[in-house]
file my_file_17.tsv (TSV, C-alpha atoms)
chain	number	residue	atom	x	y	z
W	8	MET	CA	36.04	214.69	9.59
W	9	PRO	CA	33.34	214.21	12.24
W	10	LYS	CA	32.61	217.29	14.32
W	11	GLY	CA	33.39	215.61	17.68
W	12	PRO	CA	37.07	214.77	17.03
W	13	LEU	CA	37.54	218.06	15.22
W	14	ALA	CA	36.25	219.97	18.22
W	15	LEU	CA	38.64	218.03	20.44
W	16	ILE	CA	41.59	218.91	18.25
W	17	VAL	CA	40.59	222.57	18.29
W	18	LEU	CA	40.21	222.57	22.05
W	19	PHE	CA	43.60	220.94	22.55
W	20	GLY	CA	45.05	223.31	19.97
W	21	ILE	CA	44.04	226.44	21.83
W	22	ALA	CA	45.28	225.04	25.11
W	23	MET	CA	48.05	226.90	26.86
W	24	GLN	CA	49.37	223.88	28.75
W	25	ALA	CA	49.56	220.17	28.10
W	26	ASN	CA	50.34	217.25	30.40
W	27	ALA	CA	51.25	213.69	29.58
W	28	GLN	CA	51.05	211.47	32.60
W	29	LEU	CA	51.67	207.91	33.67
W	30	GLY	CA	50.50	206.65	37.00
W	31	VAL	CA	49.27	203.77	39.06
W	32	THR	CA	45.65	203.20	39.91
W	33	LYS	CA	43.58	200.84	42.03
W	34	LEU	CA	39.96	199.85	41.74
W	35	VAL	CA	38.15	200.15	45.05
W	36	GLY	CA	34.75	199.03	46.25
W	37	ASN	CA	32.87	195.77	46.43
W	38	ASN	CA	34.16	192.76	44.54
W	39	THR	CA	37.40	194.39	43.40
W	40	SER	CA	39.89	192.37	45.44
W	41	GLN	CA	40.87	190.24	42.44
W	42	TYR	CA	41.99	193.29	40.49
W	43	THR	CA	45.69	194.04	40.63
W	44	THR	CA	47.08	197.56	40.70
W	45	GLY	CA	46.48	199.06	37.30
W	46	PHE	CA	47.97	201.75	35.11
W	47	THR	CA	46.65	205.07	33.99
W	48	ALA	CA	47.80	207.35	31.24
W	49	PHE	CA	46.33	210.56	29.98
W	50	VAL	CA	46.90	213.67	27.97
W	51	LYS	CA	45.55	216.84	29.49
W	52	ALA	CA	45.25	220.34	28.10
W	53	GLY	CA	44.67	223.40	30.19
W	54	TYR	CA	43.52	226.91	29.43
W	55	PRO	CA	44.14	229.58	32.07
W	56	VAL	CA	41.04	231.49	33.05
W	57	SER	CA	42.64	233.46	35.86
W	58	ASP	CA	45.98	233.77	37.63
W	59	GLY	CA	45.29	230.73	39.74
W	60	SER	CA	42.91	228.55	37.81
W	61	ASP	CA	42.56	226.65	34.55
W	62	ILE	CA	39.83	224.94	32.63
W	63	THR	CA	41.20	221.50	31.76
W	64	LEU	CA	40.30	218.88	29.20
W	65	GLU	CA	41.67	215.39	29.57
W	66	ILE	CA	41.49	212.13	27.68
W	67	GLY	CA	43.00	209.02	29.20
W	68	ALA	CA	43.04	205.29	29.56
W	69	ASP	CA	42.79	203.25	32.74
W	70	ILE	CA	43.80	199.61	32.65
W	71	PHE	CA	43.13	197.07	35.41
W	72	PHE	CA	44.10	193.42	35.23
W	73	LEU	CA	41.84	190.79	36.77
W	74	ASN	CA	43.53	187.88	38.48
W	75	ASP	CA	40.65	185.40	38.23
W	76	GLY	CA	42.75	182.28	37.87
W	77	TYR	CA	42.31	181.78	34.15
W	78	GLY	CA	45.72	183.14	33.24
W	79	THR	CA	44.27	185.24	30.45
W	80	ALA	CA	44.11	188.96	29.81
W	81	ASP	CA	40.92	189.46	31.80
W	82	GLY	CA	40.41	192.92	33.21
W	83	THR	CA	38.91	196.33	32.66
W	84	ILE	CA	39.82	199.18	30.32
W	85	MET	CA	38.14	202.58	30.40
W	86	CYS	CA	38.77	205.69	28.33
W	87	PRO	CA	37.31	208.74	30.07
W	88	LEU	CA	37.09	212.19	28.53
W	89	VAL	CA	36.65	214.79	31.25
W	90	ALA	CA	36.60	218.53	31.66
W	91	GLY	CA	37.72	220.08	34.91
W	92	TYR	CA	38.45	223.20	36.82
W	93	ARG	CA	41.93	223.31	38.38
W	94	TYR	CA	42.20	225.85	41.15
W	95	THR	CA	45.48	226.53	42.88
W	96	LEU	CA	44.95	227.36	46.51
W	97	ASN	CA	47.45	230.22	46.63
W	98	GLY	CA	46.11	231.75	43.44
W	99	THR	CA	49.44	231.71	41.61
W	100	GLY	CA	49.00	228.75	39.28
W	101	GLU	CA	51.60	226.80	41.24
W	102	GLY	CA	51.60	224.87	44.50
W	103	PHE	CA	48.70	222.88	45.85
W	104	TYR	CA	45.54	222.65	43.79
W	105	VAL	CA	42.15	220.96	43.72
W	106	GLU	CA	40.43	219.85	40.56
W	107	PRO	CA	36.88	218.50	40.24
W	108	GLN	CA	36.16	216.92	36.87
W	109	LEU	CA	33.11	215.80	34.97
W	110	GLY	CA	32.90	213.86	31.73
W	111	PHE	CA	31.99	210.81	29.77
W	112	ASN	CA	33.55	207.39	29.48
W	113	LEU	CA	34.09	207.01	25.74
W	114	ALA	CA	34.61	203.25	25.98
W	115	GLY	CA	34.68	200.70	28.74
W	116	VAL	CA	35.26	196.97	28.49
W	117	THR	CA	35.43	194.38	31.22
W	118	SER	CA	36.52	190.88	30.24
W	119	LEU	CA	35.99	188.06	32.69
W	120	HIS	CA	35.11	184.37	32.89
W	121	ASP	CA	31.88	183.05	34.35
W	122	ALA	CA	31.66	179.98	36.61
W	123	ALA	CA	31.43	177.69	33.60
W	124	GLY	CA	34.65	179.08	32.16
W	125	ASN	CA	33.00	181.05	29.38
W	126	GLN	CA	34.61	184.38	28.53
W	127	ILE	CA	32.34	187.39	28.82
W	128	ASN	CA	33.02	190.85	27.41
W	129	LEU	CA	30.90	193.62	28.91
W	130	ASN	CA	30.83	196.95	27.06
W	131	TYR	CA	29.64	200.16	28.63
W	132	HIS	CA	30.11	203.92	28.71
W	133	GLY	CA	28.92	206.07	31.59
W	134	VAL	CA	29.22	209.42	33.28
W	135	VAL	CA	32.54	210.21	34.95
W	136	PHE	CA	33.02	212.18	38.16
W	137	ALA	CA	36.45	212.85	39.60
W	138	ALA	CA	37.94	214.80	42.45
W	139	GLY	CA	41.65	215.40	42.44
W	140	ALA	CA	44.28	217.24	44.35
W	141	GLY	CA	47.90	217.77	43.55
W	142	TYR	CA	50.99	219.89	43.72
W	143	LEU	CA	52.47	221.87	40.84
W	144	PHE	CA	56.19	222.44	41.20
W	145	ASN	CA	59.40	222.96	39.26
W	146	ILE	CA	62.58	220.93	39.14
W	147	TRP	CA	65.35	222.84	37.35
W	148	ARG	CA	62.68	224.96	35.66
W	149	ALA	CA	60.87	221.89	34.43
W	150	PRO	CA	57.26	221.99	35.64
W	151	PHE	CA	55.83	218.86	37.22
W	152	ASP	CA	52.46	217.85	38.62
W	153	LEU	CA	52.16	215.30	41.43
W	154	ASN	CA	48.54	214.34	41.88
W	155	LEU	CA	46.11	212.04	43.61
W	156	ARG	CA	42.51	211.64	42.61
W	157	TYR	CA	39.37	209.64	43.13
W	158	GLU	CA	37.37	208.85	40.04
W	159	THR	CA	34.08	207.08	39.50
W	160	VAL	CA	32.36	205.92	36.33
W	161	VAL	CA	28.61	205.40	36.64
W	162	ASP	CA	26.59	203.25	34.25
W	163	HIS	CA	23.95	200.48	34.30
W	164	GLY	CA	23.17	201.21	37.95
W	165	GLY	CA	26.70	200.43	39.10
W	166	SER	CA	29.95	202.30	39.43
W	167	ASN	CA	33.63	201.58	38.84
W	168	ASN	CA	35.55	203.53	41.45
W	169	PHE	CA	39.29	203.96	41.48
W	170	ILE	CA	42.09	205.94	43.06
W	171	SER	CA	45.04	207.11	40.99
W	172	LEU	CA	48.44	208.44	41.90
W	173	GLY	CA	50.56	209.96	39.19
W	174	ILE	CA	53.26	212.39	38.29
W	175	SER	CA	53.41	214.27	35.04
W	176	ARG	CA	55.47	216.87	33.32
W	177	TYR	CA	53.55	219.60	31.68
W	178	ILE	CA	54.44	221.96	28.91
W	179	THR	CA	53.33	225.56	28.89
W	180	PHE	CA	52.63	227.13	25.52
W	181	GLY	CA	51.88	230.57	26.85
W	182	LYS	CA	52.06	232.76	29.90
W	183	ARG	CA	49.32	233.77	32.23
W	184	ASN	CA	48.13	237.31	32.00
W	185	LYS	CA	49.48	238.84	35.18
W	186	GLN	CA	48.62	242.42	35.88
W	187	ASP	CA	50.08	244.73	38.45
W	188	TYR	CA	47.59	246.87	40.24
E	2	MET	CA	33.89	227.98	42.82
E	3	LYS	CA	32.56	226.73	46.14
E	4	LEU	CA	29.29	225.68	44.52
E	5	PHE	CA	31.20	223.81	41.83
E	6	LEU	CA	33.33	221.96	44.39
E	7	ILE	CA	30.35	221.08	46.55
E	8	THR	CA	28.43	219.78	43.53
E	9	ALA	CA	31.40	217.67	42.47
E	10	VAL	CA	31.92	216.20	45.94
E	11	ILE	CA	28.20	215.38	46.33
E	12	SER	CA	28.12	213.74	42.90
E	13	ILE	CA	31.11	211.58	43.74
E	14	LEU	CA	29.74	210.61	47.13
E	15	LEU	CA	26.37	209.68	45.63
E	16	SER	CA	27.95	207.59	42.89
E	17	ALA	CA	30.24	205.91	45.41
E	18	CYS	CA	27.13	204.79	47.28
E	19	LEU	CA	26.31	202.43	44.42
E	20	LYS	CA	27.14	199.09	45.96
E	21	GLN	CA	28.07	197.17	42.88
E	22	SER	CA	30.51	197.64	40.06
E	23	ILE	CA	29.31	198.19	36.50
E	24	PRO	CA	30.14	194.58	35.45
E	25	ASP	CA	28.29	193.18	38.48
E	26	ALA	CA	25.31	195.45	37.79
E	27	MET	CA	25.23	194.38	34.15
E	28	LEU	CA	25.41	190.70	35.03
E	29	ASN	CA	22.77	191.01	37.72
E	30	ALA	CA	20.49	192.96	35.43
E	31	GLU	CA	20.94	190.31	32.74
E	32	ASP	CA	22.25	192.95	30.36
E	33	TYR	CA	24.67	190.31	29.23
E	34	GLY	CA	22.68	187.87	27.15
E	35	GLY	CA	20.44	186.81	30.01
E	36	GLN	CA	23.26	184.89	31.65
E	37	ALA	CA	23.00	186.39	35.08
E	38	ASP	CA	24.15	184.33	38.01
E	39	VAL	CA	21.26	182.60	39.69
E	40	THR	CA	21.53	181.05	43.12
E	41	ALA	CA	19.55	177.86	43.62
E	42	THR	CA	18.50	176.71	47.08
E	43	LEU	CA	17.00	173.61	48.64
E	44	SER	CA	16.01	173.28	52.27
E	45	TYR	CA	13.96	170.89	54.35
E	46	LYS	CA	13.81	169.23	57.74
E	47	VAL	CA	14.17	165.53	58.44
E	48	ASN	CA	12.30	164.79	61.67
E	49	GLY	CA	12.94	168.40	62.63
E	50	ASN	CA	16.62	168.47	61.69
E	51	PRO	CA	17.39	171.09	59.03
E	52	VAL	CA	19.17	170.36	55.77
E	53	ASN	CA	20.17	173.29	53.58
E	54	LEU	CA	21.84	173.53	50.22
E	55	THR	CA	22.83	176.67	48.29
E	56	VAL	CA	24.32	176.57	44.81
E	57	PRO	CA	25.59	179.87	43.38
E	58	ASP	CA	25.45	180.35	39.61
E	59	ALA	CA	23.27	177.24	39.37
E	60	GLU	CA	22.65	177.51	35.65
E	61	SER	CA	26.35	177.06	34.96
E	62	GLN	CA	26.40	173.58	36.46
E	63	ASN	CA	27.27	170.65	34.23
E	64	PRO	CA	23.88	169.19	33.15
E	65	SER	CA	25.25	165.66	33.49
E	66	SER	CA	26.82	166.21	36.90
E	67	TYR	CA	25.29	168.84	39.11
E	68	THR	CA	24.76	169.60	42.78
E	69	LEU	CA	21.17	170.80	42.46
E	70	GLY	CA	19.04	170.51	39.36
E	71	CYS	CA	16.24	168.78	37.53
E	72	THR	CA	16.64	166.65	34.43
E	73	LYS	CA	14.05	165.52	31.92
E	74	SER	CA	14.45	161.84	31.17
E	75	GLY	CA	10.94	160.70	30.29
E	76	ASP	CA	9.72	162.12	33.57
E	77	TYR	CA	11.51	164.87	35.50
E	78	ASP	CA	14.06	163.98	38.18
E	79	LEU	CA	15.06	166.57	40.76
E	80	ASP	CA	18.39	165.64	42.32
E	81	ALA	CA	20.51	167.28	44.96
E	82	ILE	CA	23.66	166.45	46.84
E	83	THR	CA	23.51	167.95	50.30
E	84	SER	CA	25.90	167.76	53.22
E	85	SER	CA	23.82	164.91	54.64
E	86	GLY	CA	23.59	162.93	51.43
E	87	GLU	CA	21.58	162.64	48.26
E	88	PHE	CA	18.05	163.88	47.74
E	89	THR	CA	15.84	162.99	44.81
E	90	PHE	CA	12.26	163.37	43.66
E	91	VAL	CA	10.57	162.10	40.51
E	92	PHE	CA	7.91	164.29	38.96
E	93	LEU	CA	5.64	161.72	37.31
E	94	THR	CA	4.90	163.75	34.22
E	95	ASP	CA	6.30	164.20	30.73
E	96	SER	CA	5.56	167.94	30.78
E	97	LEU	CA	6.50	169.81	33.92
E	98	THR	CA	4.30	172.80	34.71
E	99	ILE	CA	3.19	174.73	37.78
E	100	GLY	CA	1.13	172.32	39.86
E	101	HIS	CA	0.98	169.62	42.52
E	102	TYR	CA	2.91	166.37	42.14
E	103	VAL	CA	2.74	163.31	44.38
E	104	PHE	CA	4.89	160.24	44.51
E	105	PRO	CA	2.79	157.74	46.49
E	106	GLY	CA	3.94	154.79	48.56
E	107	GLY	CA	2.92	151.25	47.83
E	108	TYR	CA	4.54	151.06	44.41
E	109	GLY	CA	7.79	149.50	45.48
E	110	PRO	CA	10.64	151.22	47.26
E	111	GLN	CA	11.56	154.65	45.89
E	112	PHE	CA	14.68	156.27	47.32
E	113	ILE	CA	14.15	159.85	48.41
E	114	THR	CA	17.03	160.92	50.63
E	115	THR	CA	19.83	159.93	52.95
E	116	TYR	CA	20.05	161.32	56.43
E	117	ASN	CA	22.64	160.41	59.07
E	118	GLY	CA	23.78	157.54	56.87
E	119	GLN	CA	20.31	156.05	56.64
E	120	ASP	CA	18.38	155.86	53.38
E	121	GLU	CA	14.75	156.99	53.47
E	122	TYR	CA	12.16	155.64	51.01
E	123	THR	CA	8.55	155.82	50.00
E	124	TYR	CA	7.61	152.20	50.46
E	125	TYR	CA	4.49	151.58	52.51
E	126	PRO	CA	1.06	152.82	51.34
E	127	THR	CA	1.14	155.40	54.11
E	128	ASP	CA	4.33	156.92	52.67
E	129	SER	CA	4.31	159.70	50.12
E	130	MET	CA	6.20	162.74	48.87
E	131	SER	CA	4.35	165.70	47.50
E	132	PHE	CA	5.80	168.66	45.63
E	133	ASN	CA	4.19	171.95	44.67
E	134	VAL	CA	5.82	173.73	41.77
E	135	THR	CA	4.76	177.33	42.31
E	136	SER	CA	6.99	178.97	39.72
E	137	TYR	CA	8.52	177.81	36.46
E	138	LYS	CA	10.10	180.50	34.33
E	139	ASN	CA	13.39	181.04	32.53
E	140	GLY	CA	14.14	177.35	33.00
E	141	LEU	CA	14.03	177.59	36.78
E	142	ILE	CA	11.53	175.98	39.13
E	143	SER	CA	10.60	176.99	42.65
E	144	GLY	CA	8.14	175.62	45.18
E	145	ASN	CA	7.71	173.59	48.33
E	146	PHE	CA	7.38	169.98	49.43
E	147	SER	CA	6.73	167.61	52.31
E	148	GLY	CA	6.50	163.88	52.88
E	149	GLN	CA	6.42	160.83	55.06
E	150	LEU	CA	9.10	158.23	54.50
E	151	THR	CA	10.23	154.88	55.81
E	152	PRO	CA	13.86	154.17	56.69
E	153	MET	CA	15.67	151.23	55.20
E	154	LEU	CA	17.42	149.26	57.94
E	155	SER	CA	21.08	148.51	57.65
E	156	THR	CA	20.62	144.74	57.84
E	157	GLY	CA	21.70	144.26	54.26
E	158	ASN	CA	18.43	142.45	53.47
E	159	ASN	CA	16.38	145.44	52.26
E	160	ASP	CA	14.42	145.44	55.51
E	161	PHE	CA	12.40	148.54	56.28
E	162	GLY	CA	11.80	150.21	59.64
E	163	ALA	CA	8.71	151.76	61.14
E	164	PRO	CA	6.31	152.85	58.36
E	165	SER	CA	6.14	156.57	57.69
E	166	SER	CA	8.34	157.31	60.68
E	167	VAL	CA	10.53	159.89	58.88
E	168	LEU	CA	8.86	163.24	58.35
E	169	ILE	CA	10.04	165.68	55.70
E	170	THR	CA	8.76	169.12	56.62
E	171	ASN	CA	9.30	172.77	55.67
E	172	GLY	CA	10.66	171.74	52.31
E	173	SER	CA	11.33	174.46	49.78
E	174	PHE	CA	13.30	174.83	46.61
E	175	LYS	CA	14.08	177.94	44.62
E	176	ASN	CA	15.61	178.65	41.22
E	177	VAL	CA	16.41	175.02	40.52
E	178	PRO	CA	17.50	174.80	36.87
E	179	VAL	CA	15.77	172.31	34.59
E	180	PHE	CA	18.18	170.67	32.17
E	181	TYR	CA	16.99	169.09	28.93
call {"tool": "encode", "arguments": {"input": "my_file_17.tsv", "output": "C-alpha cells"}}
result
Amino acid sequence: MPKGPLALIVLFGIAMQANAQLGVTKLVGNNTSQYTTGFTAFVKAGYPVSDGSDITLEIGADIFFLNDGYGTADGTIMCPLVAGYRYTLNGTGEGFYVEPQLGFNLAGVTSLHDAAGNQINLNYHGVVFAAGAGYLFNIWRAPFDLNLRYETVVDHGGSNNFISLGISRYITFGKRNKQDY
Amino acid sequence: MKLFLITAVISILLSACLKQSIPDAMLNAEDYGGQADVTATLSYKVNGNPVNLTVPDAESQNPSSYTLGCTKSGDYDLDAITSSGEFTFVFLTDSLTIGHYVFPGGYGPQFITTYNGQDEYTYYPTDSMSFNVTSYKNGLISGNFSGQLTPMLSTGNNDFGAPSSVLITNGSFKNVPVFY
C-alpha cells in the first residue's frame, strides 16, 4: 500500500473524535453568479492536544453545479485534505470555537462549455486555506457541531472561494485528560 | 495560537485578493489547450463619427458566418458587421504577413463600408484604403488603417457622389482571427 493513504489511515485511527458532516456551500467571488448553491461533505478526525483544543484532519468533497444553459452536469468538484487547529474559546472543548485550516486540494475539476459549445474539463489541485467558526453542543447527550467557514483553494494564479454552513454529529472515542489542580 | 490565527487570516485575505477563479485563470493563461478567449476589436471614424465593434471569444466564431474575422479565399478578406453596417477590406495577397496593404481606386467600384445607410466605395483614382498589419501571431492579426472613399448615391443607377469625400480615420483592428 502506498505510504500516503497508509499514513492517513493511521492518523484517522489514532483520532479521538470523528465527524461526518453534510452542509450547503456557495462559491463567492468574480464570475460565480451562474453557480447554484452546492453541497459539501467531509469526514474529520480530531486529536485533543489540550482541554480546549484539538488538532484536526479532514478530507471532504465540495460540489457546485454550474447553470450555464447547456442542461448538462457542468460544475466544479474539489476534494480538499486539510489539517487544522480547533480552539474552543472557553477552554472546555465545548461551546464556541475557531478553527484555521491549511491543506491541499487532492483533486479539482471544473467542467464548462465555451462559447462554441465545446465541453472543457479543467483539472487542478492547489493549496487550501480555511477559517472556520462553530459551536459544539449536545442534544440528549449526542454531540453536535454547527459550523460556518470560509475556504479558498489557490492554484494557477486564481482562487476558488466558498462559504459553507453545516451541521455534523461527532463521535468521541476517548476522553480528554482533565486534571484537577 | 495568536500567531497561528493571524497567519491563517492573512493567508486567506491574500488568496481572496486573487480576482479570478481557478478556471478563469487557467483559460486566460491558455493552460487549457491554447483555447483562451480572445476579444477582437475594430474601430474607426467615418468623417469623424466613431464606429466601434467588440467581439468576445472571437476565435469561437463560425468561420463561415462571423461578426469580425478574415478569410483566405485566394486573397484575404477582412469582414465585419458593425452597428452601422458592413465593413470589408481585401488584402491583395495570397500570403498575408506583417506589412502594408493598399486597395487603390480606379479599378472599378469596391465596396468598403456602409454608414448611415449609405454605401462607401473606392472608385475614383483619388480613392484608396490602406491597411498596416502590425502583428500576426496565433492566427490573429492586429494593425491600423485609413482611407478616402466615395459614396454611392441612392439614385438606383450606380451614381457616385463627390470623389474621396468620405474619410476613414483612426482605424484600428486587434486580435482579428484569420480563418482558413
call {"tool": "residues_around", "arguments": {"input": "my_file_17.tsv", "residues": "His101 in chain E", "least_positions_apart": "4", "cutoff": "8 Å", "atoms": "all atoms listed in the file", "output": "list of chain:residue names"}}
result
E:Ser131, E:Phe132, E:Asn133, E:Val134
call {"tool": "closest_atom_pairs", "arguments": {"input": "my_file_17.tsv", "of": "chain W", "to": "chain E", "cutoff": "6 Å", "atoms": "all atoms listed in the file", "output": "JSON lines"}}
result
{"residue": "W:Pro107", "atom": "CA", "partner": "E:Ala9", "partner_atom": "CA", "distance": 6.0}
{"residue": "W:Ala123", "atom": "CA", "partner": "E:Ser61", "partner_atom": "CA", "distance": 5.3}
{"residue": "W:Phe136", "atom": "CA", "partner": "E:Ile13", "partner_atom": "CA", "distance": 5.9}
{"residue": "W:Gly165", "atom": "CA", "partner": "E:Ile23", "partner_atom": "CA", "distance": 4.3}
{"residue": "W:Ser166", "atom": "CA", "partner": "E:Ser22", "partner_atom": "CA", "distance": 4.7}
{"residue": "W:Asn167", "atom": "CA", "partner": "E:Ser22", "partner_atom": "CA", "distance": 5.2}
call {"tool": "residues_near_point", "arguments": {"input": "my_file_17.tsv", "point": "(35.2, 209.9, 24.0)", "cutoff": "12 Å", "atoms": "only C-alpha atoms", "output": "PyMOL selection string"}}
result
chain W and resi 11-12+14-15+64-68+85-90+110-115+132-135
call {"tool": "write_last_selection", "arguments": {"input": "my_file_17.tsv", "atoms": "C-alpha atoms", "output": "mmCIF file, keeping the file's coordinate frame"}}
result
data_model
loop_
_atom_site.group_PDB
_atom_site.id
_atom_site.type_symbol
_atom_site.label_atom_id
_atom_site.label_comp_id
_atom_site.auth_asym_id
_atom_site.auth_seq_id
_atom_site.Cartn_x
_atom_site.Cartn_y
_atom_site.Cartn_z
ATOM 1 C CA GLY W 11 33.390 215.610 17.680
ATOM 2 C CA PRO W 12 37.070 214.770 17.030
ATOM 3 C CA ALA W 14 36.250 219.970 18.220
ATOM 4 C CA LEU W 15 38.640 218.030 20.440
ATOM 5 C CA LEU W 64 40.300 218.880 29.200
ATOM 6 C CA GLU W 65 41.670 215.390 29.570
ATOM 7 C CA ILE W 66 41.490 212.130 27.680
ATOM 8 C CA GLY W 67 43.000 209.020 29.200
ATOM 9 C CA ALA W 68 43.040 205.290 29.560
ATOM 10 C CA MET W 85 38.140 202.580 30.400
ATOM 11 C CA CYS W 86 38.770 205.690 28.330
ATOM 12 C CA PRO W 87 37.310 208.740 30.070
ATOM 13 C CA LEU W 88 37.090 212.190 28.530
ATOM 14 C CA VAL W 89 36.650 214.790 31.250
ATOM 15 C CA ALA W 90 36.600 218.530 31.660
ATOM 16 C CA GLY W 110 32.900 213.860 31.730
ATOM 17 C CA PHE W 111 31.990 210.810 29.770
ATOM 18 C CA ASN W 112 33.550 207.390 29.480
ATOM 19 C CA LEU W 113 34.090 207.010 25.740
ATOM 20 C CA ALA W 114 34.610 203.250 25.980
ATOM 21 C CA GLY W 115 34.680 200.700 28.740
ATOM 22 C CA HIS W 132 30.110 203.920 28.710
ATOM 23 C CA GLY W 133 28.920 206.070 31.590
ATOM 24 C CA VAL W 134 29.220 209.420 33.280
ATOM 25 C CA VAL W 135 32.540 210.210 34.950
#
call {"tool": "closest_residue", "arguments": {"input": "my_file_17.tsv", "among": "W:Asn154, W:Asn26, W:Asn38, W:Ser60", "to": "Gly173 in chain W", "atoms": "all atoms listed in the file"}}
result
W:Asn154
call {"tool": "residues_near_point", "arguments": {"input": "my_file_17.tsv", "point": "(20.2, 177.0, 39.4)", "cutoff": "10 Å", "atoms": "all atoms listed in the file", "output": "list of chain:residue names"}}
result
E:Asp38, E:Val39, E:Thr40, E:Ala41, E:Thr42, E:Thr55, E:Val56, E:Pro57, E:Asp58, E:Ala59, E:Glu60, E:Ser61, E:Gln62, E:Tyr67, E:Thr68, E:Leu69, E:Gly70, E:Cys71, E:Gly140, E:Leu141, E:Ile142, E:Lys175, E:Asn176, E:Val177, E:Pro178, E:Val179, E:Phe180
call {"tool": "atom_distance", "arguments": {"input": "my_file_17.tsv", "atom1": "CA of Ala81 in chain E", "atom2": "CA of Pro110 in chain E"}}
result
19.0 Å
call {"tool": "atom_distance", "arguments": {"input": "my_file_17.tsv", "atom1": "CA of Met130 in chain E", "atom2": "CA of Ser84 in chain E"}}
result
20.8 Å
call {"tool": "residues_around", "arguments": {"input": "my_file_17.tsv", "residues": "range 31-37 of chain W", "least_positions_apart": "6", "cutoff": "6 Å", "atoms": "all atoms listed in the file", "output": "PDB file with C-alpha atoms, keeping the file's coordinate frame"}}
result
ATOM      1  CA  THR W  44      47.080 197.560  40.700  1.00  0.00           C
ATOM      2  CA  GLY W  45      46.480 199.060  37.300  1.00  0.00           C
ATOM      3  CA  PHE W  46      47.970 201.750  35.110  1.00  0.00           C
ATOM      4  CA  THR W  47      46.650 205.070  33.990  1.00  0.00           C
ATOM      5  CA  ASN W 168      35.550 203.530  41.450  1.00  0.00           C
ATOM      6  CA  PHE W 169      39.290 203.960  41.480  1.00  0.00           C
ATOM      7  CA  ILE W 170      42.090 205.940  43.060  1.00  0.00           C
ATOM      8  CA  SER W 171      45.040 207.110  40.990  1.00  0.00           C
ATOM      9  CA  LEU W 172      48.440 208.440  41.900  1.00  0.00           C
TER      10      LEU W 172
END
call {"tool": "closest_residue", "arguments": {"input": "my_file_17.tsv", "among": "W:Gly82, W:Asp162, W:Ile62, W:Thr43", "to": "His120 in chain W", "atoms": "all atoms listed in the file"}}
result
W:Gly82
call {"tool": "atom_distance", "arguments": {"input": "my_file_17.tsv", "atom1": "CA of Asp160 in chain E", "atom2": "CA of Glu87 in chain E"}}
result
20.0 Å
call {"tool": "residues_around", "arguments": {"input": "my_file_17.tsv", "residues": "Val91 in chain E", "least_positions_apart": "5", "cutoff": "10 Å", "atoms": "all atoms listed in the file", "output": "PyMOL selection string"}}
result
chain E and resi 71-73+76-80+102-104+111-113+130+132
